[in-house]
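Everything on this sheet refers to the single structure shown next.
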Amino acid sequence: MSVVEVTVDGRKVTVADGLTILQACRGAGIEIPTLCYLETLAPVNVCRLCVVEVEGSRVLVPACSRRAEPGMKIQTESERVRHSRRMILEFLAASVDLSLAAPELTAAIARYGAVPARLATPPRGGVAIVDNECYVRDYSRCVLCYKCVEACGTDAQNTFAIAVAGRGHGAHISTEYEAALPDSACVYCGNCVGVCPTGALMAKSEHDLRKSGAWDESRQTVTDTICPYCGVGCTLRLHVQDDRIVKATSPLDDAVTNGNLCIKGRFGWEFVQIRRAE
């Protein structure tokens with residue numbers, strides 16, 4: 001295997017040829033924040049949170065998609081980089097509700113000293129859409145990371161039920177021709193839910209518990225098991241609270257699923273909890 005040598009923050013790093021700057025940095029224990037990136041999805045370069053400074057480059061470059069090249073001199077925490085990340089985080093947090101965002105995003109806001117309150121950006125409005133029994137959509141939490149679109153497309157499901165519609169502040173995730181979700185091509189696999197980093201897409205079981213104030217992750221246990229529906233052998237990660245399953249996910253590093261499930265695996269577990277009437 002051929003390798004290339006780059007310099008990251010003054011430190012020599014050797015990485016396999018063909019890997020990205022992000023992969024090189026993470027392999028060396030250097031953490032770069034990301035939002036639209038996920039190791040099981042193709043990079044789409046939309047959030048720009050992972051940008052780094054490369055000597056000789058006029059603009060900051062996205063670490064998630066730029067390949068490491070021999071002799072590259074990379075700065076991951078220069079003032080220019082930190083300023084860019086801080087502004088991105090401030091605009092995001094000022095325009096959408098990040099109260100249910102992944103801990104990594106909340107930590108990045110604190111890490112870069114982002115102060116969303118100083119911006120007068122109008123928040124993205126809307127209420128949660130509950131039009132099916134599988135998952136709920138709340139676009140007031142959507143940061144347009146495109147992960148759901150990628151998971152619905154060639155990276156996982158190949159259903160192509162959703163895409164980004166509109167422009168500028170009016171850009172939003174939409175079904176074909178703005179059709180209602182039950183009338184769209186959606187097959188309710190929930191793989192979009194599995195990759196959403198902000199809670200804009202959420203299993204209805206979790207949404208209902210949060211709405212009633214009963215959701216409590218501190219009381220939950222997580223157990224891996226094998227889906228009983230067919231012979232593929234998908235790993236289910238069952239989240240259990242008060243002796244009841246409240247959500248099913250699948251680990252990204254599972255060789256069978258890569259984090260993806262079908263409608264039965266992700267939402268079809270409720271039969272376990274049906275109790276016969278006395």
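Each chain in the structure tokens gets a letter, A, B and so on, in the order shown; residues start at 1 in every chain, and ligands are counted from 1 in the order they appear.
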Residues of stretch 91-196 of chain A in strand (DSSP E or B) according to DSSP, as a list in words? Ile129, Tyr135, Val136, Arg137, Ile162, Ala163, Val164, Ala165, His172, Ile173, Ser174 and Thr175 of chain A
For the residues in the current selection, export N, CA and C atoms as a short mmCIF file (atom, residue, chain, number, x, y, z; two decimals), in the first residue's frame.
data_model
loop_
_atom_site.label_atom_id
_atom_site.label_comp_id
_atom_site.auth_asym_id
_atom_site.auth_seq_id
_atom_site.Cartn_x
_atom_site.Cartn_y
_atom_site.Cartn_z
N ILE A 129 -44.60 17.43 12.15
CA ILE A 129 -45.58 16.80 11.25
C ILE A 129 -45.74 15.34 11.64
N TYR A 135 -42.49 7.64 11.97
CA TYR A 135 -41.59 8.71 12.40
C TYR A 135 -42.21 10.08 12.19
N VAL A 136 -41.64 11.05 12.91
CA VAL A 136 -42.16 12.43 12.94
C VAL A 136 -41.12 13.36 12.32
N ARG A 137 -41.59 14.38 11.59
CA ARG A 137 -40.70 15.36 10.97
C ARG A 137 -40.92 16.73 11.61
N ILE A 162 -36.96 11.63 -1.17
CA ILE A 162 -36.80 13.01 -0.73
C ILE A 162 -35.59 13.66 -1.40
N ALA A 163 -35.63 14.99 -1.43
CA ALA A 163 -34.52 15.78 -1.97
C ALA A 163 -34.62 17.17 -1.39
N VAL A 164 -33.64 18.01 -1.69
CA VAL A 164 -33.69 19.40 -1.24
C VAL A 164 -34.42 20.22 -2.29
N ALA A 165 -35.45 20.96 -1.86
CA ALA A 165 -36.22 21.81 -2.75
C ALA A 165 -36.07 23.27 -2.31
N HIS A 172 -35.48 23.48 1.66
CA HIS A 172 -36.04 22.54 2.64
C HIS A 172 -36.05 21.13 2.05
N ILE A 173 -36.16 20.14 2.93
CA ILE A 173 -36.25 18.75 2.49
C ILE A 173 -37.69 18.48 2.07
N SER A 174 -37.86 17.87 0.92
CA SER A 174 -39.21 17.68 0.39
C SER A 174 -39.34 16.35 -0.35
N THR A 175 -40.55 15.85 -0.39
CA THR A 175 -40.86 14.69 -1.23
C THR A 175 -41.05 15.19 -2.67
#
Pull the closest atom pair for each residue of stretch 48-122 of chain A that gets at most 9 Å from stretch 178-202 of chain A, along with the distance in Å to one decimal, counting only C-alpha atoms, ordering rows by chain and then ascending residue number, as CSV.
residue,atom,partner,partner_atom,distance
A:Asp97,CA,A:Thr198,CA,8.3
A:Leu98,CA,A:Thr198,CA,6.2
A:Ser99,CA,A:Thr198,CA,7.9
A:Leu100,CA,A:Gly199,CA,5.6
A:Ala101,CA,A:Thr198,CA,3.8
A:Ala102,CA,A:Pro197,CA,5.4
A:Leu105,CA,A:Pro197,CA,8.3
With C-alpha atoms retained, could you export that selection as a CSV table (one decimal), in the first residue's frame?
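Generated file (again-v9.csv):
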chain,number,residue,atom,x,y,z
A,97,ASP,CA,-33.7,24.6,17.2
A,98,LEU,CA,-30.7,22.6,18.2
A,99,SER,CA,-32.0,21.6,21.7
A,100,LEU,CA,-32.1,17.9,20.6
A,101,ALA,CA,-28.9,18.0,18.5
A,102,ALA,CA,-26.2,15.4,18.8
A,105,LEU,CA,-22.7,19.6,17.8
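Atom CA of A:Asp208 sits 17.1 Å away from atom CA of A:Thr249.
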Neighbours of A:Arg86 within 7 Å (only C-alpha atoms; same-chain residues fewer than 5 positions away dropped), as a list in words?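 Skipping anything fewer than 5 positions along the chain leaves Tyr112, Gly113 and Ala114 of chain A.
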Could the residues of stretch 70-138 of chain A that have an atom at most 10 Å from stretch 34-49 of chain A be listed as a Markdown table, each with its closest atom pair and the distance in Å to one decimal, counting only C-alpha atoms and ordered by chain and ascending residue number?
| residue | atom | partner | partner_atom | distance |
| --- | --- | --- | --- | --- |
| A:Val81 | CA | A:Leu49 | CA | 9.2 |
| A:Arg82 | CA | A:Leu49 | CA | 9.7 |
| A:Ser84 | CA | A:Leu49 | CA | 7.9 |
| A:Arg85 | CA | A:Leu49 | CA | 5.5 |
| A:Arg86 | CA | A:Leu49 | CA | 8.9 |
| A:Met87 | CA | A:Leu49 | CA | 9.6 |
| A:Ile88 | CA | A:Leu49 | CA | 6.9 |
| A:Leu89 | CA | A:Leu49 | CA | 8.0 |
| A:Leu92 | CA | A:Cys47 | CA | 9.7 |
| A:Ala102 | CA | A:Leu35 | CA | 9.4 |
| A:Glu104 | CA | A:Thr34 | CA | 8.5 |
| A:Leu105 | CA | A:Leu35 | CA | 7.3 |
| A:Ala108 | CA | A:Thr34 | CA | 9.1 |
Using C-alpha atoms, can you write the selected residues to a file as a CSV table (one decimal), in the first residue's frame?
chain,number,residue,atom,x,y,z
A,81,VAL,CA,-10.4,28.1,10.6
A,82,ARG,CA,-11.8,28.8,14.1
A,84,SER,CA,-15.1,30.2,10.0
A,85,ARG,CA,-16.4,27.4,12.2
A,86,ARG,CA,-17.6,29.8,14.8
A,87,MET,CA,-19.7,31.8,12.2
A,88,ILE,CA,-21.2,28.6,10.8
A,89,LEU,CA,-22.2,27.4,14.2
A,92,LEU,CA,-27.0,27.4,12.5
A,102,ALA,CA,-26.2,15.4,18.8
A,104,GLU,CA,-20.9,16.6,19.3
A,105,LEU,CA,-22.7,19.6,17.8
A,108,ALA,CA,-18.5,22.3,19.0
List as JSON, numbers by chain the protein and nucleic acid residues near A:Arg244, meaning an atom at most 10 Å away when only C-alpha atoms are counted, but skip any in the same chain fewer than 5 places from it. {"A": [220, 238, 239, 270, 272, 273]}
Long-range neighbours of A:Leu209 as a count of residues only, 12 Å cut-off, only C-alpha atoms, 6 positions minimum in chain: 10
I need the residues of stretch 46-241 of chain A that end up classed as alpha helix (DSSP H) by DSSP on the backbone, written out as a PyMOL selection string. chain A and resi 79-95+103-111+147-152+191-195+204-212
Please produce a file of those selected residues containing N, CA and C atoms, as a compact mmCIF listing (two decimals), in the first residue's frame.
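Once written, out-v3.txt looks like this:
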# COMPACT_ATOMS: atom_id res chain seq x y z
N GLU A 79 -6.56 30.62 13.39
CA GLU A 79 -7.59 31.61 13.70
C GLU A 79 -8.60 31.73 12.57
N ARG A 80 -8.12 31.60 11.34
CA ARG A 80 -9.02 31.66 10.18
C ARG A 80 -10.01 30.50 10.20
N VAL A 81 -9.53 29.32 10.53
CA VAL A 81 -10.39 28.14 10.62
C VAL A 81 -11.38 28.29 11.76
N ARG A 82 -10.91 28.68 12.92
CA ARG A 82 -11.77 28.83 14.09
C ARG A 82 -12.86 29.88 13.85
N HIS A 83 -12.48 30.98 13.19
CA HIS A 83 -13.47 32.02 12.90
C HIS A 83 -14.56 31.49 11.96
N SER A 84 -14.15 30.75 10.95
CA SER A 84 -15.12 30.18 10.00
C SER A 84 -16.08 29.22 10.72
N ARG A 85 -15.54 28.34 11.53
CA ARG A 85 -16.40 27.39 12.24
C ARG A 85 -17.32 28.10 13.22
N ARG A 86 -16.81 29.10 13.89
CA ARG A 86 -17.63 29.85 14.84
C ARG A 86 -18.82 30.51 14.14
N MET A 87 -18.58 31.12 12.98
CA MET A 87 -19.66 31.78 12.25
C MET A 87 -20.69 30.77 11.76
N ILE A 88 -20.24 29.63 11.25
CA ILE A 88 -21.16 28.60 10.78
C ILE A 88 -22.06 28.13 11.93
N LEU A 89 -21.47 27.87 13.07
CA LEU A 89 -22.23 27.39 14.23
C LEU A 89 -23.20 28.45 14.73
N GLU A 90 -22.79 29.72 14.70
CA GLU A 90 -23.67 30.79 15.15
C GLU A 90 -24.88 30.93 14.23
N PHE A 91 -24.65 30.88 12.93
CA PHE A 91 -25.77 30.98 11.99
C PHE A 91 -26.73 29.80 12.15
N LEU A 92 -26.19 28.60 12.32
CA LEU A 92 -27.04 27.43 12.47
C LEU A 92 -27.87 27.52 13.75
N ALA A 93 -27.20 27.79 14.85
CA ALA A 93 -27.89 27.80 16.14
C ALA A 93 -28.86 28.96 16.27
N ALA A 94 -28.66 30.03 15.48
CA ALA A 94 -29.56 31.17 15.53
C ALA A 94 -30.80 30.97 14.66
N SER A 95 -30.73 30.03 13.71
CA SER A 95 -31.82 29.88 12.75
C SER A 95 -32.65 28.62 12.94
N PRO A 103 -24.75 15.46 20.77
CA PRO A 103 -23.83 16.10 21.73
C PRO A 103 -22.60 16.70 21.07
N GLU A 104 -22.13 16.10 19.97
CA GLU A 104 -20.94 16.60 19.30
C GLU A 104 -21.15 18.02 18.76
N LEU A 105 -22.37 18.31 18.30
CA LEU A 105 -22.65 19.64 17.77
C LEU A 105 -22.73 20.66 18.90
N THR A 106 -23.36 20.29 19.99
CA THR A 106 -23.41 21.17 21.16
C THR A 106 -22.02 21.44 21.70
N ALA A 107 -21.17 20.42 21.72
CA ALA A 107 -19.80 20.58 22.20
C ALA A 107 -19.01 21.51 21.29
N ALA A 108 -19.26 21.44 19.98
CA ALA A 108 -18.55 22.30 19.03
C ALA A 108 -18.93 23.76 19.24
N ILE A 109 -20.19 24.03 19.56
CA ILE A 109 -20.62 25.40 19.82
C ILE A 109 -19.85 25.98 20.99
N ALA A 110 -19.68 25.18 22.03
CA ALA A 110 -18.92 25.63 23.20
C ALA A 110 -17.43 25.73 22.89
N ARG A 111 -16.92 24.78 22.12
CA ARG A 111 -15.49 24.72 21.80
C ARG A 111 -15.02 25.96 21.04
N LYS A 147 -27.94 14.53 5.03
CA LYS A 147 -27.74 13.12 5.38
C LYS A 147 -28.96 12.28 5.06
N CYS A 148 -30.15 12.80 5.34
CA CYS A 148 -31.36 12.02 5.07
C CYS A 148 -31.52 11.77 3.58
N VAL A 149 -31.18 12.78 2.76
CA VAL A 149 -31.28 12.64 1.31
C VAL A 149 -30.32 11.57 0.81
N GLU A 150 -29.10 11.60 1.33
CA GLU A 150 -28.10 10.62 0.92
C GLU A 150 -28.50 9.20 1.34
N ALA A 151 -29.03 9.07 2.57
CA ALA A 151 -29.45 7.75 3.05
C ALA A 151 -30.62 7.20 2.26
N CYS A 152 -31.48 8.10 1.75
CA CYS A 152 -32.63 7.67 0.95
C CYS A 152 -32.22 7.35 -0.48
N ASN A 191 -34.16 4.99 7.62
CA ASN A 191 -32.72 5.22 7.57
C ASN A 191 -32.39 6.70 7.60
N CYS A 192 -33.34 7.54 7.15
CA CYS A 192 -33.17 8.98 7.29
C CYS A 192 -33.18 9.38 8.76
N VAL A 193 -34.03 8.73 9.53
CA VAL A 193 -34.11 8.99 10.97
C VAL A 193 -32.79 8.61 11.64
N GLY A 194 -32.22 7.50 11.20
CA GLY A 194 -31.00 6.99 11.81
C GLY A 194 -29.80 7.89 11.64
N VAL A 195 -29.79 8.74 10.60
CA VAL A 195 -28.62 9.58 10.35
C VAL A 195 -28.85 11.04 10.73
N LYS A 204 -41.50 7.90 16.04
CA LYS A 204 -42.71 8.37 16.72
C LYS A 204 -42.75 7.90 18.16
N SER A 205 -42.21 6.73 18.42
CA SER A 205 -42.19 6.24 19.80
C SER A 205 -41.40 7.18 20.70
N GLU A 206 -40.26 7.67 20.20
CA GLU A 206 -39.47 8.62 20.98
C GLU A 206 -40.17 9.96 21.07
N HIS A 207 -40.72 10.43 19.96
CA HIS A 207 -41.42 11.72 19.95
C HIS A 207 -42.55 11.75 20.98
N ASP A 208 -43.34 10.68 21.01
CA ASP A 208 -44.49 10.65 21.94
C ASP A 208 -44.02 10.67 23.39
N LEU A 209 -42.95 9.95 23.68
CA LEU A 209 -42.44 9.95 25.06
C LEU A 209 -41.87 11.31 25.43
N ARG A 210 -41.17 11.95 24.50
CA ARG A 210 -40.63 13.29 24.77
C ARG A 210 -41.78 14.29 24.98
N LYS A 211 -42.81 14.18 24.18
CA LYS A 211 -43.94 15.10 24.28
C LYS A 211 -44.65 14.97 25.62
N SER A 212 -44.71 13.76 26.14
CA SER A 212 -45.38 13.53 27.43
C SER A 212 -44.45 13.78 28.61
Which of these residues is nearest to A:Asp155, using only C-alpha atoms: A:Val13, A:Asn260, A:Ile74, A:Arg219?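 The closest residue to A:Asp155 is A:Asn260.
The list of residues with at least one atom within 10 Å of A:Glu5, based on only C-alpha atoms and without residues fewer than 6 positions apart in the same chain, reads Lys12, Val13, Thr14, Val15, Ala16, Asp17, Ala24, Ala68, Glu69, Pro70, Gly71, Met72 and Lys73 of chain A.
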Expected file: the selected residues, N, CA and C atoms, as a PDB file, in the first residue's frame:
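Result file is result-v8.pdb:
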ATOM      1  N   LYS A  12       4.228  15.637  11.623  1.00  0.00           N
ATOM      2  CA  LYS A  12       4.274  14.754  10.460  1.00  0.00           C
ATOM      3  C   LYS A  12       3.285  13.604  10.635  1.00  0.00           C
ATOM      4  N   VAL A  13       2.467  13.399   9.618  1.00  0.00           N
ATOM      5  CA  VAL A  13       1.464  12.338   9.656  1.00  0.00           C
ATOM      6  C   VAL A  13       1.563  11.529   8.372  1.00  0.00           C
ATOM      7  N   THR A  14       1.648  10.213   8.510  1.00  0.00           N
ATOM      8  CA  THR A  14       1.696   9.322   7.352  1.00  0.00           C
ATOM      9  C   THR A  14       0.344   8.644   7.206  1.00  0.00           C
ATOM     10  N   VAL A  15      -0.202   8.658   5.993  1.00  0.00           N
ATOM     11  CA  VAL A  15      -1.536   8.125   5.752  1.00  0.00           C
ATOM     12  C   VAL A  15      -1.551   7.375   4.432  1.00  0.00           C
ATOM     13  N   ALA A  16      -2.422   6.394   4.323  1.00  0.00           N
ATOM     14  CA  ALA A  16      -2.547   5.627   3.089  1.00  0.00           C
ATOM     15  C   ALA A  16      -2.985   6.531   1.944  1.00  0.00           C
ATOM     16  N   ASP A  17      -2.406   6.339   0.799  1.00  0.00           N
ATOM     17  CA  ASP A  17      -2.740   7.131  -0.377  1.00  0.00           C
ATOM     18  C   ASP A  17      -4.219   6.954  -0.719  1.00  0.00           C
ATOM     19  N   ALA A  24      -7.093  11.239   7.610  1.00  0.00           N
ATOM     20  CA  ALA A  24      -5.699  11.323   8.054  1.00  0.00           C
ATOM     21  C   ALA A  24      -5.622  11.906   9.456  1.00  0.00           C
ATOM     22  N   ALA A  68      -5.704  13.729   0.939  1.00  0.00           N
ATOM     23  CA  ALA A  68      -4.382  14.107   1.435  1.00  0.00           C
ATOM     24  C   ALA A  68      -3.368  13.928   0.317  1.00  0.00           C
ATOM     25  N   GLU A  69      -2.529  14.947   0.096  1.00  0.00           N
ATOM     26  CA  GLU A  69      -1.542  14.908  -0.972  1.00  0.00           C
ATOM     27  C   GLU A  69      -0.140  15.050  -0.381  1.00  0.00           C
ATOM     28  N   PRO A  70       0.852  14.438  -1.006  1.00  0.00           N
ATOM     29  CA  PRO A  70       2.218  14.488  -0.468  1.00  0.00           C
ATOM     30  C   PRO A  70       2.692  15.921  -0.230  1.00  0.00           C
ATOM     31  N   GLY A  71       3.251  16.143   0.947  1.00  0.00           N
ATOM     32  CA  GLY A  71       3.823  17.447   1.260  1.00  0.00           C
ATOM     33  C   GLY A  71       2.833  18.488   1.729  1.00  0.00           C
ATOM     34  N   MET A  72       1.557  18.153   1.823  1.00  0.00           N
ATOM     35  CA  MET A  72       0.549  19.107   2.279  1.00  0.00           C
ATOM     36  C   MET A  72       0.892  19.626   3.675  1.00  0.00           C
ATOM     37  N   LYS A  73       0.701  20.930   3.889  1.00  0.00           N
ATOM     38  CA  LYS A  73       0.842  21.521   5.213  1.00  0.00           C
ATOM     39  C   LYS A  73      -0.531  22.028   5.635  1.00  0.00           C
TER      40      LYS A  73
END
